[in-house]
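A.B. asks: What follows is data.cif, mmCIF, C-alpha atoms and all ligand atoms.
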data_entry
#
loop_
_atom_site.label_atom_id
_atom_site.label_comp_id
_atom_site.auth_asym_id
_atom_site.auth_seq_id
_atom_site.Cartn_x
_atom_site.Cartn_y
_atom_site.Cartn_z
CA MET A 26 -11.07 -14.73 -6.05
CA LYS A 27 -12.95 -12.67 -8.64
CA SER A 28 -10.97 -11.84 -11.78
CA PHE A 29 -11.07 -8.48 -13.53
CA ASN A 30 -10.85 -7.11 -17.02
CA VAL A 31 -7.40 -5.51 -16.83
CA PRO A 32 -6.61 -3.36 -19.90
CA VAL A 33 -4.14 -5.00 -22.24
CA GLN A 34 -1.53 -2.26 -21.83
CA TYR A 35 -0.96 -3.36 -18.24
CA ARG A 36 -0.46 -7.05 -19.02
CA SER A 37 2.78 -8.88 -19.77
CA PRO A 38 2.96 -12.19 -21.65
CA LEU A 39 6.13 -13.18 -19.76
CA VAL A 40 4.91 -12.28 -16.27
CA THR A 41 1.45 -13.74 -16.88
CA ALA A 42 3.02 -17.04 -17.99
CA ILE A 43 5.25 -17.13 -14.90
CA LYS A 44 2.40 -16.28 -12.50
CA GLN A 45 0.03 -18.81 -14.06
CA LYS A 46 2.58 -21.58 -13.94
CA ARG A 47 3.53 -20.81 -10.33
CA LYS A 48 -0.11 -20.58 -9.30
CA ALA A 49 -0.98 -23.92 -10.91
CA ALA A 50 1.89 -25.59 -9.06
CA ASP A 51 1.13 -23.94 -5.71
CA LYS A 52 -2.60 -23.38 -5.30
CA MET A 53 -2.38 -22.98 -1.52
CA LYS A 54 0.31 -20.28 -1.83
CA ARG A 55 2.77 -22.06 0.46
CA ASP A 56 5.80 -21.66 -1.80
CA PHE A 57 7.50 -18.28 -1.45
CA THR A 58 10.62 -19.12 -3.44
CA PRO A 59 11.24 -16.81 -6.40
CA ALA A 60 11.26 -17.71 -10.10
CA VAL A 61 14.71 -17.58 -11.67
CA LEU A 62 15.07 -16.34 -15.26
CA GLU A 63 18.38 -17.26 -16.90
CA LEU A 64 19.12 -14.55 -19.45
CA GLY A 65 22.72 -15.34 -20.39
CA SER A 66 25.01 -13.18 -18.29
CA LEU A 67 21.98 -11.83 -16.43
CA GLN A 68 20.01 -13.81 -13.87
CA VAL A 69 16.68 -12.30 -12.82
CA ILE A 70 15.30 -13.54 -9.49
CA LEU A 71 11.62 -12.70 -9.55
CA ALA A 72 9.52 -12.66 -6.35
CA ARG A 73 6.73 -15.23 -6.07
CA HIS A 74 4.05 -12.53 -5.54
CA PHE A 75 4.03 -8.94 -6.79
CA GLY A 76 2.00 -6.55 -8.90
CA PHE A 77 -1.67 -5.69 -9.25
CA CYS A 78 -3.80 -6.82 -6.29
CA TYR A 79 -7.55 -7.40 -6.11
CA GLY A 80 -8.28 -3.83 -5.02
CA VAL A 81 -6.22 -2.23 -7.76
CA GLU A 82 -7.67 -4.39 -10.55
CA ASN A 83 -11.16 -3.68 -9.22
CA ALA A 84 -10.45 0.07 -9.17
CA ILE A 85 -9.03 0.10 -12.70
CA GLU A 86 -11.99 -1.85 -14.07
CA ILE A 87 -14.48 0.55 -12.44
CA ALA A 88 -12.60 3.67 -13.60
CA PHE A 89 -12.41 2.48 -17.21
CA ARG A 90 -16.12 1.58 -17.04
CA ALA A 91 -16.94 5.04 -15.68
CA VAL A 92 -15.27 6.61 -18.72
CA GLU A 93 -17.07 4.22 -21.09
CA GLU A 94 -20.50 4.87 -19.55
CA ASN A 95 -20.26 8.65 -19.25
CA LYS A 96 -19.18 9.99 -22.60
CA GLY A 97 -19.60 13.76 -22.73
CA LYS A 98 -19.72 14.12 -18.95
CA ARG A 99 -17.03 15.52 -16.69
CA ILE A 100 -15.38 12.72 -14.73
CA PHE A 101 -13.29 13.32 -11.62
CA LEU A 102 -11.24 11.23 -9.27
CA LEU A 103 -11.36 12.40 -5.67
CA SER A 104 -7.56 11.89 -5.59
CA GLU A 105 -5.03 9.49 -7.11
CA MET A 106 -6.92 6.24 -7.65
CA ILE A 107 -3.89 4.16 -6.78
CA HIS A 108 -0.28 5.12 -6.15
CA ASN A 109 1.07 4.43 -9.60
CA PRO A 110 2.06 7.42 -11.72
CA GLY A 111 1.69 5.55 -15.03
CA VAL A 112 -1.86 4.35 -14.34
CA ASN A 113 -2.87 7.78 -13.02
CA ALA A 114 -1.40 9.43 -16.14
CA ASP A 115 -3.41 7.02 -18.32
CA LEU A 116 -6.60 7.99 -16.48
CA GLN A 117 -5.83 11.68 -16.93
CA ALA A 118 -5.16 11.08 -20.63
CA MET A 119 -8.68 9.62 -20.84
CA GLY A 120 -10.01 12.95 -19.55
CA ILE A 121 -10.36 12.15 -15.85
CA LYS A 122 -9.41 15.07 -13.60
CA PHE A 123 -8.16 14.88 -10.01
CA ILE A 124 -9.96 16.96 -7.37
CA MET A 125 -7.25 16.65 -4.69
CA ASP A 126 -3.67 15.55 -4.37
CA THR A 127 -2.75 12.56 -2.21
CA LYS A 128 -2.40 14.76 0.89
CA GLY A 129 -5.91 16.14 0.54
CA ASN A 130 -4.91 19.54 -0.91
CA MET A 131 -7.46 20.85 -3.43
CA LEU A 132 -6.32 20.89 -7.06
CA MET A 133 -9.50 22.70 -8.17
CA PRO A 134 -12.24 24.69 -6.42
CA TRP A 135 -14.82 22.38 -4.82
CA ASP A 136 -17.53 24.84 -5.97
CA GLU A 137 -16.88 23.86 -9.58
CA LEU A 138 -18.44 20.44 -9.01
CA ASN A 139 -22.11 19.99 -9.82
CA SER A 140 -24.69 17.22 -9.83
CA ASP A 141 -24.01 16.32 -13.49
CA ASP A 142 -20.45 15.35 -12.66
CA VAL A 143 -19.19 11.83 -12.08
CA VAL A 144 -16.81 11.39 -9.13
CA ILE A 145 -14.82 8.19 -8.65
CA ILE A 146 -13.79 7.28 -5.11
CA PRO A 147 -10.23 5.86 -5.06
CA ALA A 148 -9.22 2.36 -3.90
CA PHE A 149 -8.09 3.79 -0.53
CA GLY A 150 -11.66 4.87 0.23
CA THR A 151 -12.51 8.30 1.56
CA THR A 152 -13.74 10.06 4.66
CA LEU A 153 -17.37 10.22 5.74
CA GLU A 154 -17.05 14.01 5.63
CA LEU A 155 -16.06 14.06 1.94
CA GLU A 156 -18.79 11.55 1.10
CA GLN A 157 -21.31 13.92 2.68
CA GLN A 158 -19.89 16.91 0.82
CA LEU A 159 -20.40 15.01 -2.45
CA ARG A 160 -23.98 14.14 -1.50
CA ASP A 161 -24.57 17.82 -0.69
CA LYS A 162 -23.57 18.52 -4.29
CA GLY A 163 -26.08 15.96 -5.56
CA ILE A 164 -23.31 13.48 -6.50
CA ASP A 165 -23.71 9.84 -5.44
CA PRO A 166 -20.30 8.78 -4.02
CA THR A 167 -21.20 5.09 -4.21
CA HIS A 168 -21.93 4.94 -7.94
CA TYR A 169 -18.31 4.63 -9.04
CA GLU A 170 -16.74 3.77 -5.73
CA THR A 171 -13.54 1.77 -6.04
CA THR A 172 -12.85 1.42 -2.29
CA CYS A 173 -11.06 -1.87 -1.81
CA PRO A 174 -13.09 -4.44 0.15
CA PHE A 175 -9.99 -5.12 2.27
CA VAL A 176 -10.01 -1.48 3.38
CA GLU A 177 -13.72 -1.71 4.17
CA LYS A 178 -12.91 -4.76 6.26
CA VAL A 179 -10.65 -2.59 8.45
CA TRP A 180 -13.46 -0.07 8.89
CA ASN A 181 -15.83 -2.87 9.90
CA ARG A 182 -13.29 -4.20 12.38
CA ALA A 183 -12.78 -0.72 13.87
CA GLU A 184 -16.55 -0.20 14.11
CA LYS A 185 -17.06 -3.55 15.82
CA ILE A 186 -14.28 -2.92 18.35
CA GLY A 187 -15.56 0.62 18.86
CA ASP A 188 -19.11 -0.58 19.48
CA ASP A 189 -17.69 -2.91 22.15
CA GLY A 190 -16.39 0.16 23.99
CA TYR A 191 -12.71 0.20 23.08
CA THR A 192 -10.71 3.18 21.83
CA ILE A 193 -9.14 2.47 18.43
CA ILE A 194 -5.42 2.90 17.81
CA VAL A 195 -4.84 3.06 14.04
CA HIS A 196 -1.31 2.07 13.01
CA GLY A 197 -0.90 3.95 9.74
CA LYS A 198 0.70 6.86 7.94
CA PRO A 199 -1.31 9.89 9.12
CA GLY A 200 -1.24 11.67 5.74
CA HIS A 201 -2.11 8.59 3.68
CA GLU A 202 -5.59 8.59 2.09
CA GLU A 203 -6.45 5.18 3.50
CA THR A 204 -5.50 6.08 7.07
CA ARG A 205 -7.41 9.37 6.82
CA ALA A 206 -10.46 7.39 5.65
CA THR A 207 -10.07 4.75 8.38
CA PHE A 208 -9.66 7.46 11.02
CA SER A 209 -12.87 9.12 9.81
CA HIS A 210 -14.91 5.90 9.85
CA SER A 211 -13.50 4.82 13.21
CA LYS A 212 -14.00 8.15 15.01
CA ALA A 213 -17.63 8.16 13.95
CA ARG A 214 -18.09 5.20 16.35
CA THR A 215 -15.47 5.59 19.07
CA HIS A 216 -12.47 7.61 20.16
CA THR A 217 -9.57 7.05 17.80
CA ILE A 218 -5.90 7.95 17.57
CA VAL A 219 -3.36 7.36 14.78
CA VAL A 220 0.22 6.24 15.50
CA LYS A 221 2.68 6.04 12.63
CA ASP A 222 5.36 3.74 14.05
CA MET A 223 6.75 1.97 17.10
CA GLU A 224 8.42 5.15 18.34
CA GLN A 225 5.05 6.91 18.47
CA ALA A 226 3.42 3.85 20.05
CA GLN A 227 6.07 3.95 22.78
CA HIS A 228 5.37 7.63 23.30
CA LEU A 229 1.63 6.96 23.52
CA ALA A 230 2.35 4.24 26.09
CA LYS A 231 3.69 6.91 28.43
CA TYR A 232 0.20 8.41 28.55
CA ILE A 233 -1.31 4.97 29.24
CA THR A 234 1.07 4.47 32.17
CA GLY A 235 0.74 8.07 33.35
CA ASP A 236 4.49 8.71 32.96
CA LEU A 237 3.76 11.88 31.00
CA PRO A 238 1.36 14.64 32.06
CA ALA A 239 -2.03 14.39 30.32
CA ASP A 240 -1.93 18.02 29.11
CA GLN A 241 1.11 17.34 26.98
CA PHE A 242 -0.75 14.64 25.00
CA TYR A 243 -2.78 17.21 23.09
CA THR A 244 0.37 18.88 21.79
CA ASP A 245 2.31 15.69 21.11
CA PHE A 246 -0.52 14.04 19.15
CA LYS A 247 -2.05 17.18 17.64
CA GLY A 248 -4.12 16.33 14.56
CA SER A 249 -4.00 12.58 15.25
CA TYR A 250 -6.82 12.09 17.79
CA SER A 251 -10.60 12.36 17.58
CA GLU A 252 -12.46 15.38 18.87
CA GLY A 253 -13.18 15.27 22.60
CA PHE A 254 -10.45 12.68 23.25
CA ASP A 255 -9.91 12.47 27.02
CA VAL A 256 -6.45 11.03 27.55
CA ALA A 257 -7.20 10.18 31.20
CA LYS A 258 -10.25 8.11 30.28
CA ASP A 259 -9.93 7.04 26.66
CA LEU A 260 -6.73 4.98 26.94
CA GLN A 261 -8.07 2.44 29.43
CA ARG A 262 -9.50 -0.04 26.90
CA ILE A 263 -7.94 -0.18 23.47
CA GLY A 264 -7.88 -2.12 20.21
CA VAL A 265 -5.42 -1.81 17.33
CA VAL A 266 -6.22 -1.80 13.62
CA ASN A 267 -3.82 -0.88 10.86
CA GLN A 268 -3.53 0.55 7.40
CA THR A 269 -3.66 -2.48 5.10
CA THR A 270 -0.20 -1.89 3.65
CA MET A 271 2.04 -1.52 6.70
CA LEU A 272 5.08 -3.62 7.48
CA ALA A 273 3.73 -6.85 9.02
CA SER A 274 6.45 -7.15 11.67
CA GLU A 275 6.01 -3.54 12.83
CA THR A 276 2.22 -3.81 13.02
CA GLN A 277 2.47 -6.99 15.08
CA GLY A 278 5.15 -5.45 17.28
CA ILE A 279 3.02 -2.37 18.03
CA ALA A 280 -0.10 -4.42 18.89
CA ASP A 281 1.90 -6.78 21.15
CA TYR A 282 3.69 -3.87 22.83
CA LEU A 283 0.55 -1.84 23.57
CA LYS A 284 -1.18 -4.96 24.85
CA GLN A 285 1.62 -5.60 27.36
CA VAL A 286 1.64 -1.95 28.45
CA ILE A 287 -2.07 -1.81 29.16
CA LEU A 288 -2.17 -5.23 30.86
CA ALA A 289 0.74 -4.26 33.11
CA LYS A 290 -0.80 -0.88 33.95
CA TYR A 291 -4.09 -2.44 35.06
CA GLN A 292 -2.52 -5.69 36.33
CA THR A 293 -4.95 -7.64 34.20
CA PRO A 294 -4.74 -11.44 34.49
CA ALA A 295 -4.19 -13.38 31.24
CA ASP A 296 -7.73 -14.77 31.25
CA LYS A 297 -9.20 -11.25 31.43
CA ILE A 298 -7.25 -9.69 28.54
CA ASN A 299 -10.45 -8.79 26.74
CA GLU A 300 -11.39 -6.40 29.53
CA ARG A 301 -8.59 -4.08 28.42
CA PHE A 302 -7.43 -5.07 24.95
CA ALA A 303 -9.46 -6.09 21.93
CA ASP A 304 -7.28 -9.02 20.91
CA THR A 305 -7.69 -9.27 17.15
CA ARG A 306 -5.37 -10.19 14.33
CA ASP A 307 -3.78 -7.48 12.22
CA THR A 308 -5.78 -5.90 9.41
CA LEU A 309 -3.08 -6.11 6.75
CA CYS A 310 -4.54 -7.24 3.42
CA TYR A 311 -3.66 -10.49 1.67
CA ALA A 312 -1.57 -8.69 -0.98
CA THR A 313 0.60 -6.98 1.64
CA ASN A 314 1.16 -10.29 3.39
CA ASP A 315 1.84 -12.23 0.18
CA ASN A 316 4.19 -9.62 -1.27
CA GLN A 317 6.18 -9.22 1.95
CA SER A 318 6.41 -13.01 2.45
CA ALA A 319 7.53 -13.37 -1.17
CA VAL A 320 10.29 -10.81 -0.61
CA GLN A 321 11.42 -12.71 2.48
CA GLY A 322 11.50 -15.89 0.36
CA MET A 323 13.39 -14.12 -2.41
CA LEU A 324 15.95 -12.72 0.03
CA GLU A 325 16.96 -16.25 1.03
CA GLN A 326 18.67 -16.47 -2.39
CA GLN A 327 21.98 -14.81 -3.22
CA ALA A 328 21.96 -11.74 -5.48
CA ASP A 329 23.98 -8.63 -6.30
CA ILE A 330 21.27 -5.98 -6.21
CA ALA A 331 17.51 -5.67 -5.81
CA ILE A 332 15.17 -3.53 -7.89
CA VAL A 333 11.74 -2.64 -6.51
CA ILE A 334 9.28 -1.04 -8.93
CA GLY A 335 6.38 1.18 -7.90
CA GLY A 336 5.09 4.67 -7.20
CA TYR A 337 7.32 6.59 -4.82
CA ASN A 338 4.29 7.44 -2.66
CA SER A 339 3.15 3.80 -2.50
CA SER A 340 3.10 2.56 1.08
CA ASN A 341 3.14 -1.17 0.29
CA THR A 342 6.02 -0.75 -2.19
CA SER A 343 8.11 1.23 0.29
CA HIS A 344 7.90 -1.63 2.79
CA LEU A 345 9.19 -4.08 0.16
CA VAL A 346 12.12 -1.70 -0.32
CA GLU A 347 12.76 -1.60 3.43
CA LEU A 348 12.91 -5.39 3.56
CA CYS A 349 15.30 -5.64 0.60
CA GLU A 350 17.55 -2.89 1.96
CA LEU A 351 18.27 -5.03 5.00
CA LYS A 352 20.02 -7.55 2.80
CA LEU A 353 21.53 -5.94 -0.32
CA PRO A 354 21.87 -2.72 -2.37
CA THR A 355 18.31 -1.84 -3.39
CA PHE A 356 17.00 0.58 -6.01
CA PHE A 357 13.40 1.81 -5.79
CA ILE A 358 12.43 2.87 -9.31
CA ASN A 359 9.31 4.17 -11.05
CA ASP A 360 9.83 2.52 -14.40
CA GLU A 361 12.39 1.27 -16.92
CA HIS A 362 13.47 4.82 -17.80
CA CYS A 363 15.04 5.06 -14.34
CA LEU A 364 17.68 2.57 -15.56
CA VAL A 365 19.39 5.42 -17.37
CA SER A 366 22.39 3.36 -18.51
CA ASP A 367 24.54 0.50 -17.27
CA LYS A 368 26.37 3.11 -15.20
CA ALA A 369 23.57 5.26 -13.76
CA VAL A 370 20.22 4.61 -12.08
CA ARG A 371 17.64 7.19 -11.01
CA HIS A 372 15.87 5.97 -7.87
CA PHE A 373 13.99 7.07 -4.79
CA ASP A 374 15.81 7.28 -1.49
CA LEU A 375 13.30 6.37 1.24
CA HIS A 376 15.45 7.99 3.91
CA THR A 377 15.75 11.43 2.34
CA HIS A 378 12.46 11.21 0.42
CA LYS A 379 14.26 12.38 -2.69
CA GLU A 380 14.91 10.94 -6.12
CA VAL A 381 18.66 10.55 -6.56
CA VAL A 382 21.05 9.24 -9.22
CA SER A 383 23.54 6.53 -8.25
CA GLU A 384 26.56 5.64 -10.35
CA ASN A 385 28.02 2.19 -11.02
CA TYR A 386 24.99 0.39 -9.62
CA LEU A 387 25.54 -2.77 -11.68
CA PRO A 388 28.42 -4.84 -10.27
CA ALA A 389 30.91 -6.15 -12.83
CA ASN A 390 30.61 -9.86 -11.96
CA ARG A 391 28.78 -12.18 -14.36
CA PRO A 392 26.26 -13.61 -14.26
CA LEU A 393 24.80 -10.52 -12.71
CA ARG A 394 22.06 -11.54 -10.26
CA VAL A 395 19.19 -9.07 -9.86
CA MET A 396 16.21 -9.53 -7.57
CA ILE A 397 13.02 -7.90 -8.81
CA THR A 398 9.66 -7.23 -7.20
CA SER A 399 6.98 -4.58 -7.45
CA GLY A 400 4.19 -3.01 -5.42
CA ALA A 401 0.50 -3.85 -5.57
CA SER A 402 -0.26 -0.94 -7.90
CA CYS A 403 2.46 -1.70 -10.46
CA PRO A 404 1.38 -3.23 -13.80
CA ASP A 405 3.09 -6.47 -14.84
CA ALA A 406 3.88 -4.82 -18.19
CA LEU A 407 6.13 -2.40 -16.33
CA VAL A 408 7.98 -5.25 -14.62
CA GLU A 409 8.54 -6.86 -18.01
CA ARG A 410 9.88 -3.59 -19.43
CA VAL A 411 12.35 -3.34 -16.53
CA ILE A 412 13.54 -6.91 -17.20
CA GLU A 413 13.91 -6.07 -20.89
CA ARG A 414 15.86 -2.92 -20.07
CA LEU A 415 18.23 -4.84 -17.78
CA ALA A 416 18.69 -7.45 -20.51
CA GLU A 417 19.48 -4.68 -22.97
CA LEU A 418 22.00 -3.02 -20.61
CA THR A 419 23.80 -6.33 -20.09
CA GLY A 420 23.71 -7.38 -23.75
CA ASN A 421 21.14 -10.14 -23.26
CA GLU A 422 18.13 -8.67 -25.09
CA ASN A 423 18.08 -11.59 -27.52
CA ARG A 424 17.17 -13.97 -24.67
CA ILE A 425 13.81 -12.31 -23.79
CA ALA A 426 11.72 -13.86 -26.58
CA ALA A 427 13.13 -17.33 -25.91
CA ILE A 428 12.54 -17.16 -22.16
CA THR A 429 8.97 -15.93 -22.71
CA GLU A 430 8.30 -18.87 -25.04
CA GLU A 431 9.81 -21.29 -22.54
CA TRP A 432 7.50 -20.07 -19.74
CA ILE A 433 4.44 -19.98 -22.02
CA ALA A 434 5.19 -23.51 -23.24
CA GLY A 435 5.46 -24.46 -19.57
S1 LIG B 1 -3.00 -3.30 -1.35
FE1 LIG B 1 -4.57 -4.52 -0.29
S2 LIG B 1 -5.98 -3.03 0.60
FE2 LIG B 1 -4.76 -1.94 -0.93
S3 LIG B 1 -5.99 -2.04 -2.80
FE3 LIG B 1 -4.62 -3.83 -2.82
S4 LIG B 1 -5.79 -5.52 -1.89
FE4 LIG B 1 -6.81 -3.59 -1.37
#
Using structure tokens, write down the structure from this file.
Ligand code: SF4
C.D. replies:
Amino acid sequence: MKSFNVPVQYRSPLVTAIKQKRKAADKMKRDFTPAVLELGSLQVILARHFGFCYGVENAIEIAFRAVEENKGKRIFLLSEMIHNPGVNADLQAMGIKFIMDTKGNMLMPWDELNSDDVVIIPAFGTTLELEQQLRDKGIDPTHYETTCPFVEKVWNRAEKIGDDGYTIIVHGKPGHEETRATFSHSKARTHTIVVKDMEQAQHLAKYITGDLPADQFYTDFKGSYSEGFDVAKDLQRIGVVNQTTMLASETQGIADYLKQVILAKYQTPADKINERFADTRDTLCYATNDNQSAVQGMLEQQADIAIVIGGYNSSNTSHLVELCELKLPTFFINDEHCLVSDKAVRHFDLHTHKEVVSENYLPANRPLRVMITSGASCPDALVERVIERLAELTGNENRIAAITEEWIAG
């Protein structure tokens, strides 16, 4: 896979050494066991895969190049380039301004843009409508486009299925930039509807089977279906694609479930599945799969707590948190400053969508065993700083330099 010029402030000597050594020993990526760092009375259990993915490194390289090549010009990002507050703050410090927030709300008047401006498209991609609005302003949206190729792959899959006459069901978070972009690209080719989870898929199934009156569909799924959607006609042949960062098990479950519903409704024999259901594999990206598999591998070990690092609005990170929460106390943190002391941690509660402070989060037993992973938009340098902070809080800071040397020496 192509490698990118990641700015030095995002790199970590320790994490780079660990990743390189693991990669050299496991080129086919079959080993999902974590690395174990012995730091005296602290044991860090580090997931096999985490941190910057292809799409994020690509986006960062393009954004930094845009700044370099356009001195004196106004440079904008359509919205957050990736869901990492530190990286986005760095871009803003370089003079890049955001046009919208992650939900699509304007942060500045659109009229202020003009053809001399540079606009960077974020890694999630954008809608065809916004691309056209930029062209109308005389701004080329493809010049500094950081749309991840794995997101474009989903659009291509949706377009192909759509051209074959199926309605597209997008499994994704309706407000997420990537799902909004995928919805836009898909509905340009075929009727499309977004479902956010299994509960909504089960509700949609009631319109496939006819158990709910068609009229009610337009209220229940308001804002989530393409214009002109005819519930009586457009749920007879379907295909499922998904946001690249969903939970693998849920995505598979929804596709399998909807397939069974539609086959049962039309009493389709197994050898004629394709008449009703575009039977394709999920459209999760490699980073989502690797990071979730690595968390599953990590969770086979014993530990006291898990720490997951990433932006609170990061979809892929939140699914890593969900997996860890099934097994042990888990703290979803932004950065090392969230580890306020050995008594208090500031972290994001996925269930209330609020940042909270928990007391006595570090158990008293020694060695203390802490699992650590991070999302695809989290710099390795941040993971290293969290390890350092944990070492400091447990009185093991002197071990960091030695362990780094050990991994570098290999
Ligand atoms: S998480 Fe996947 S789809 Fe998203 S930017 Fe990274 S590689 Fe691309």
A.B. asks: Take every atom of ligand LIG 1 (chain B) listed in the file, pad by 5 Å on each side, and give me the axis-aligned box centre and edge lengths in Å, one decimal, as lines of an AutoDock Vina configuration file.
C.D. replies:
center_x = -4.9
center_y = -3.7
center_z = -1.1
size_x = 13.8
size_y = 13.6
size_z = 13.4
A.B. asks: At a cut-off of 10 Å around ligand LIG 1 (chain B), and using all atoms listed in the file, what residues come up? Please write them as a ChimeraX atom specification.
C.D. replies: /A:76-84,106-108,147-150,171-179,203,268-271,308-314,316,339-342,400-402
A.B. asks: Please report the interatomic distance between CA of Gly253 in chain A and CA of Lys290 in chain A in Å with one decimal.
C.D. replies: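 CA of Gly253 in chain A sits 23.3 Å away from CA of Lys290 in chain A.
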A.B. asks: What gap, in Å, lies between CA of Cys349 in chain A and CA of Leu64 in chain A?
C.D. replies: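 Interatomic distance here is 22.3 Å.
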A.B. asks: For Val333 in chain A, which of A:Asn130, A:Leu138, A:Leu71, A:Ile218 is the closest residue, counting all atoms listed in the file?
C.D. replies: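 Distance minimum relative to Val333 in chain A lands on A:Leu71.
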A.B. asks: What does the structure give for the distance between CA of Ile330 in chain A and CA of His372 in chain A, in Å to one decimal?
C.D. replies: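 Between CA of Ile330 in chain A and CA of His372 in chain A the gap is 13.2 Å.
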A.B. asks: What's around Leu159 in chain A at 9 Å? Count all atoms listed in the file, leave out sequence neighbours fewer than 4 positions away in its own chain, and write the answer as a PyMOL selection string.
C.D. replies: chain A and resi 138+140+144+154-155+163-166
A.B. asks: Taking only C-alpha atoms into account, which of A:Cys403, A:Ala230, A:Ala118, A:Ala91 comes nearest Glu170 in chain A?
C.D. replies: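 Looking at the shortest contact to Glu170 in chain A, the residue is A:Ala91.
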A.B. asks: Could you give me, as a PDB file with C-alpha atoms, in the coordinates of the input, the residues within 6 Å of Pro59 in chain A, counting all atoms listed in the file and dropping anything in the same chain fewer than 6 positions from it?
C.D. replies:
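Result file out_11.pdb:
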ATOM      1  CA  LEU A  71      11.620 -12.700  -9.550  1.00  0.00           C
ATOM      2  CA  ALA A  72       9.520 -12.660  -6.350  1.00  0.00           C
ATOM      3  CA  ARG A  73       6.730 -15.230  -6.070  1.00  0.00           C
ATOM      4  CA  MET A 323      13.390 -14.120  -2.410  1.00  0.00           C
TER       5      MET A 323
END
A.B. asks: From the options A:Ser28, A:Gln68, A:Gln45, A:Ser251, which residue's atoms come nearest to Asp329 in chain A, counting all atoms listed in the file?
C.D. replies: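 Of A:Ser28, A:Gln68, A:Gln45, A:Ser251, the one nearest Asp329 in chain A is A:Gln68, counting all atoms listed in the file.
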A.B. asks: Selecting C-alpha atoms, how would range 98-117 of chain A from this structure be written as a tab-separated table (two decimals), in the first residue's frame?
C.D. replies:
chain	number	residue	atom	x	y	z
A	98	LYS	CA	-4.64	32.43	-0.50
A	99	ARG	CA	-7.64	31.67	1.66
A	100	ILE	CA	-7.88	27.93	2.29
A	101	PHE	CA	-11.04	26.24	3.54
A	102	LEU	CA	-12.05	22.77	4.55
A	103	LEU	CA	-15.62	21.89	3.64
A	104	SER	CA	-15.93	20.40	7.16
A	105	GLU	CA	-13.69	18.55	9.63
A	106	MET	CA	-11.15	16.71	7.49
A	107	ILE	CA	-11.10	13.74	9.84
A	108	HIS	CA	-12.67	13.22	13.24
A	109	ASN	CA	-9.66	14.08	15.35
A	110	PRO	CA	-9.77	17.34	17.31
A	111	GLY	CA	-5.96	17.63	17.56
A	112	VAL	CA	-5.36	17.27	13.82
A	113	ASN	CA	-8.22	19.64	13.01
A	114	ALA	CA	-6.83	22.20	15.49
A	115	ASP	CA	-3.41	21.92	13.80
A	116	LEU	CA	-5.00	22.62	10.42
A	117	GLN	CA	-6.84	25.63	11.82
